[in-house]
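Here the structure is laid out as structure tokens; the discussion comes afterwards.
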Amino acid sequence: MYKLLILLICAPLFAMTEPDVVPSAKSHGNSKARELRMELDRQDLLPLARRTDWALANIVSRATEELRRQGFREMADRYDAEYFFQFSSYLSRAVESRDIGDHKPLIEWLADFYNKLEAILGVSVCKSLHLSDIKTLNYCIPVVFKPCTFLMDQVTITRKDEYRNHFSGGAIYYGLVPVLTYWVIDIPCMVGTSGIAAFLCGPAANAGEYAMYKWLAPKLSDNLFDRVCK
């Protein structure tokens, strides 16, 4: 039952094995993952909310760019405008007001947006472009940002363990923070490089994502849970 619940909550991403990347990309990714862990470990939930808002905005932007490339320009323009005016900095505002959603999708608009993306682009394209991270973040955020009060429903493990599986990841799927790490590394890298060097951005981001999932996020999750719910 528990494994089925995690399957429904966190969207499938990639096999959770260490990425096979060149040493320089792996070193850069691991370094950025450690930097993010230290930043989040010193603070409360607000910095994490701001980072997540930034990541969501970039994922939506990448998704609408792909829609335009496929010829759906009008749809892309509409979704860009709706997201900007309705949901820009959504999570940061929610954390500051102490009012995050329950154990369900954070934003129904994002759920509808991703379902249309997957129908148009296909599952493989959504995964290869990391657009499936929209679904992961949308379903994991309500748990991560309400560690003490999210609904447990029929979950049989402890609240702290359930929280860790959404924050860092379980046996099969990455959680919110590893996915966030991917975007924290990938977007600045793509903006700051060009040519052959740009091809290292994805591998570096994948390496950082794995390092966060495997070694850094679990302890960060437990520390944050204890601090917020003490």
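The chains in the structure tokens are called A, B, ... from first to last as shown; in each chain the residues are counted from 1, and the ligands are counted from 1 in the order shown.
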
Contacts of Asp222 (chain A) at 8 Å (only C-alpha atoms; same-chain gap of 3+ positions) as a VMD selection string = chain A and resid 160 164 218 to 219 225 to 226

Deliver the residues from the most recent selection as a file, using N, CA and C atoms, as a PDB file, in the first residue's frame.
```
ATOM      1  N   LYS A 160       7.765  11.080   9.888  1.00  0.00           N
ATOM      2  CA  LYS A 160       9.117  11.517   9.547  1.00  0.00           C
ATOM      3  C   LYS A 160       9.648  10.762   8.330  1.00  0.00           C
ATOM      4  N   ARG A 164      10.509  12.245   4.611  1.00  0.00           N
ATOM      5  CA  ARG A 164      11.810  12.053   3.960  1.00  0.00           C
ATOM      6  C   ARG A 164      11.651  11.538   2.534  1.00  0.00           C
ATOM      7  N   PRO A 218      18.744  13.169   2.677  1.00  0.00           N
ATOM      8  CA  PRO A 218      18.108  12.448   3.790  1.00  0.00           C
ATOM      9  C   PRO A 218      18.389  13.063   5.165  1.00  0.00           C
ATOM     10  N   LYS A 219      19.646  13.398   5.441  1.00  0.00           N
ATOM     11  CA  LYS A 219      19.973  14.012   6.726  1.00  0.00           C
ATOM     12  C   LYS A 219      19.363  15.412   6.834  1.00  0.00           C
ATOM     13  N   PHE A 225      12.836  18.401   9.600  1.00  0.00           N
ATOM     14  CA  PHE A 225      11.624  17.879  10.225  1.00  0.00           C
ATOM     15  C   PHE A 225      11.686  18.056  11.741  1.00  0.00           C
ATOM     16  N   ASP A 226      12.811  17.702  12.354  1.00  0.00           N
ATOM     17  CA  ASP A 226      12.954  17.826  13.805  1.00  0.00           C
ATOM     18  C   ASP A 226      12.878  19.283  14.244  1.00  0.00           C
TER      19      ASP A 226
END
```

Taking the backbone alone, and naming residues the way the document does, which bits of region 9-105 of chain A are helix (DSSP H, G or I) by DSSP, as a ChimeraX atom specification?
-> /A:9,23-41,45-69,73-87,90-97

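Residues lying within 7 Å of Glu209 (chain A), counting only C-alpha atoms and ignoring same-chain neighbours fewer than 5 positions away, are Pro178, Val179, Thr181 and Tyr182 of chain A.
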
Near-region 58-60 of chain A list (10 Å; only C-alpha atoms; drop same-chain fewer than 6 positions) as a PyMOL selection string | chain A and resi 52+66+76+79-80+83-84+110+113-114+129-134+183-184+187

Any chance you could export the current selection's C-alpha atoms as a PDB file, in the first residue's frame?
```pdb
ATOM      1  CA  THR A  52      11.235  25.946  -5.645  1.00  0.00           C
ATOM      2  CA  GLU A  66       8.807  23.106 -26.440  1.00  0.00           C
ATOM      3  CA  ALA A  76       2.179  28.360 -25.029  1.00  0.00           C
ATOM      4  CA  TYR A  79       0.037  29.236 -20.313  1.00  0.00           C
ATOM      5  CA  ASP A  80       2.989  31.615 -19.959  1.00  0.00           C
ATOM      6  CA  TYR A  83       1.424  31.187 -14.813  1.00  0.00           C
ATOM      7  CA  PHE A  84       3.057  34.604 -14.528  1.00  0.00           C
ATOM      8  CA  LEU A 110      -0.139  22.762 -12.919  1.00  0.00           C
ATOM      9  CA  PHE A 113      -0.957  21.916 -17.662  1.00  0.00           C
ATOM     10  CA  TYR A 114       1.218  18.822 -17.269  1.00  0.00           C
ATOM     11  CA  LEU A 129      13.385  17.408 -20.887  1.00  0.00           C
ATOM     12  CA  HIS A 130      12.667  16.990 -17.145  1.00  0.00           C
ATOM     13  CA  LEU A 131       9.180  18.424 -17.714  1.00  0.00           C
ATOM     14  CA  SER A 132       7.838  15.506 -15.667  1.00  0.00           C
ATOM     15  CA  ASP A 133       9.375  17.353 -12.711  1.00  0.00           C
ATOM     16  CA  ILE A 134       6.270  19.563 -12.841  1.00  0.00           C
ATOM     17  CA  TRP A 183      17.301  22.882 -11.932  1.00  0.00           C
ATOM     18  CA  VAL A 184      19.541  24.943  -9.654  1.00  0.00           C
ATOM     19  CA  ILE A 187      19.645  26.630 -15.776  1.00  0.00           C
TER      20      ILE A 187
END
```

What's the 12 Å shell around Gln70 (chain A), counting only C-alpha atoms, without same-chain residues fewer than 5 positions away, as a CSV table (one decimal) with C-alpha atoms, in the first residue's frame?
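So the final result, stored in result_32.csv, reads:
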```csv
chain,number,residue,atom,x,y,z
A,63,ALA,CA,7.7,23.4,-21.4
A,64,THR,CA,6.1,26.4,-23.2
A,65,GLU,CA,9.2,26.7,-25.4
A,75,MET,CA,-1.4,27.6,-26.2
A,76,ALA,CA,2.2,28.4,-25.0
A,117,LEU,CA,1.9,18.5,-22.1
A,120,ILE,CA,0.8,16.5,-26.8
A,121,LEU,CA,4.6,15.7,-26.3
A,122,GLY,CA,4.5,12.2,-25.0
A,125,VAL,CA,9.8,13.8,-24.3
```

Nearby residues (only C-alpha atoms) at most 8 Å from Asp53 (chain A), same-chain spacing under 6 positions excluded, as a ChimeraX atom specification | /A:88-92

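As for CA of Phe167 (chain A) and CA of Lys104 (chain A), they are spaced 15.1 Å apart.
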
Please report, as a tab-separated table, each residue of region 114-138 of chain A lying at most 10 Å from region 173-176 of chain A, together with the nearest pair of atoms and the separation in Å rounded to one decimal; use only C-alpha atoms, and order rows by chain and ascending residue number.
```
residue	atom	partner	partner_atom	distance
A:Asp133	CA	A:Leu176	CA	8.8
A:Thr136	CA	A:Leu176	CA	7.0
A:Leu137	CA	A:Leu176	CA	5.8
A:Asn138	CA	A:Leu176	CA	9.2
```

For the selection you just gave me, I'd like the residues written to a file as a short mmCIF file (atom, residue, chain, number, x, y, z; two decimals), in the first residue's frame, keeping N, CA and C atoms.
```cif
data_model
loop_
_atom_site.label_atom_id
_atom_site.label_comp_id
_atom_site.auth_asym_id
_atom_site.auth_seq_id
_atom_site.Cartn_x
_atom_site.Cartn_y
_atom_site.Cartn_z
N ASP A 133 9.12 16.79 -14.04
CA ASP A 133 9.37 17.35 -12.71
C ASP A 133 8.22 18.26 -12.27
N THR A 136 6.12 15.97 -10.26
CA THR A 136 6.80 15.63 -9.01
C THR A 136 6.69 16.76 -8.00
N LEU A 137 7.04 17.96 -8.41
CA LEU A 137 6.99 19.10 -7.50
C LEU A 137 5.56 19.38 -7.06
N ASN A 138 4.62 19.30 -7.98
CA ASN A 138 3.24 19.63 -7.68
C ASN A 138 2.65 18.71 -6.62
#
```
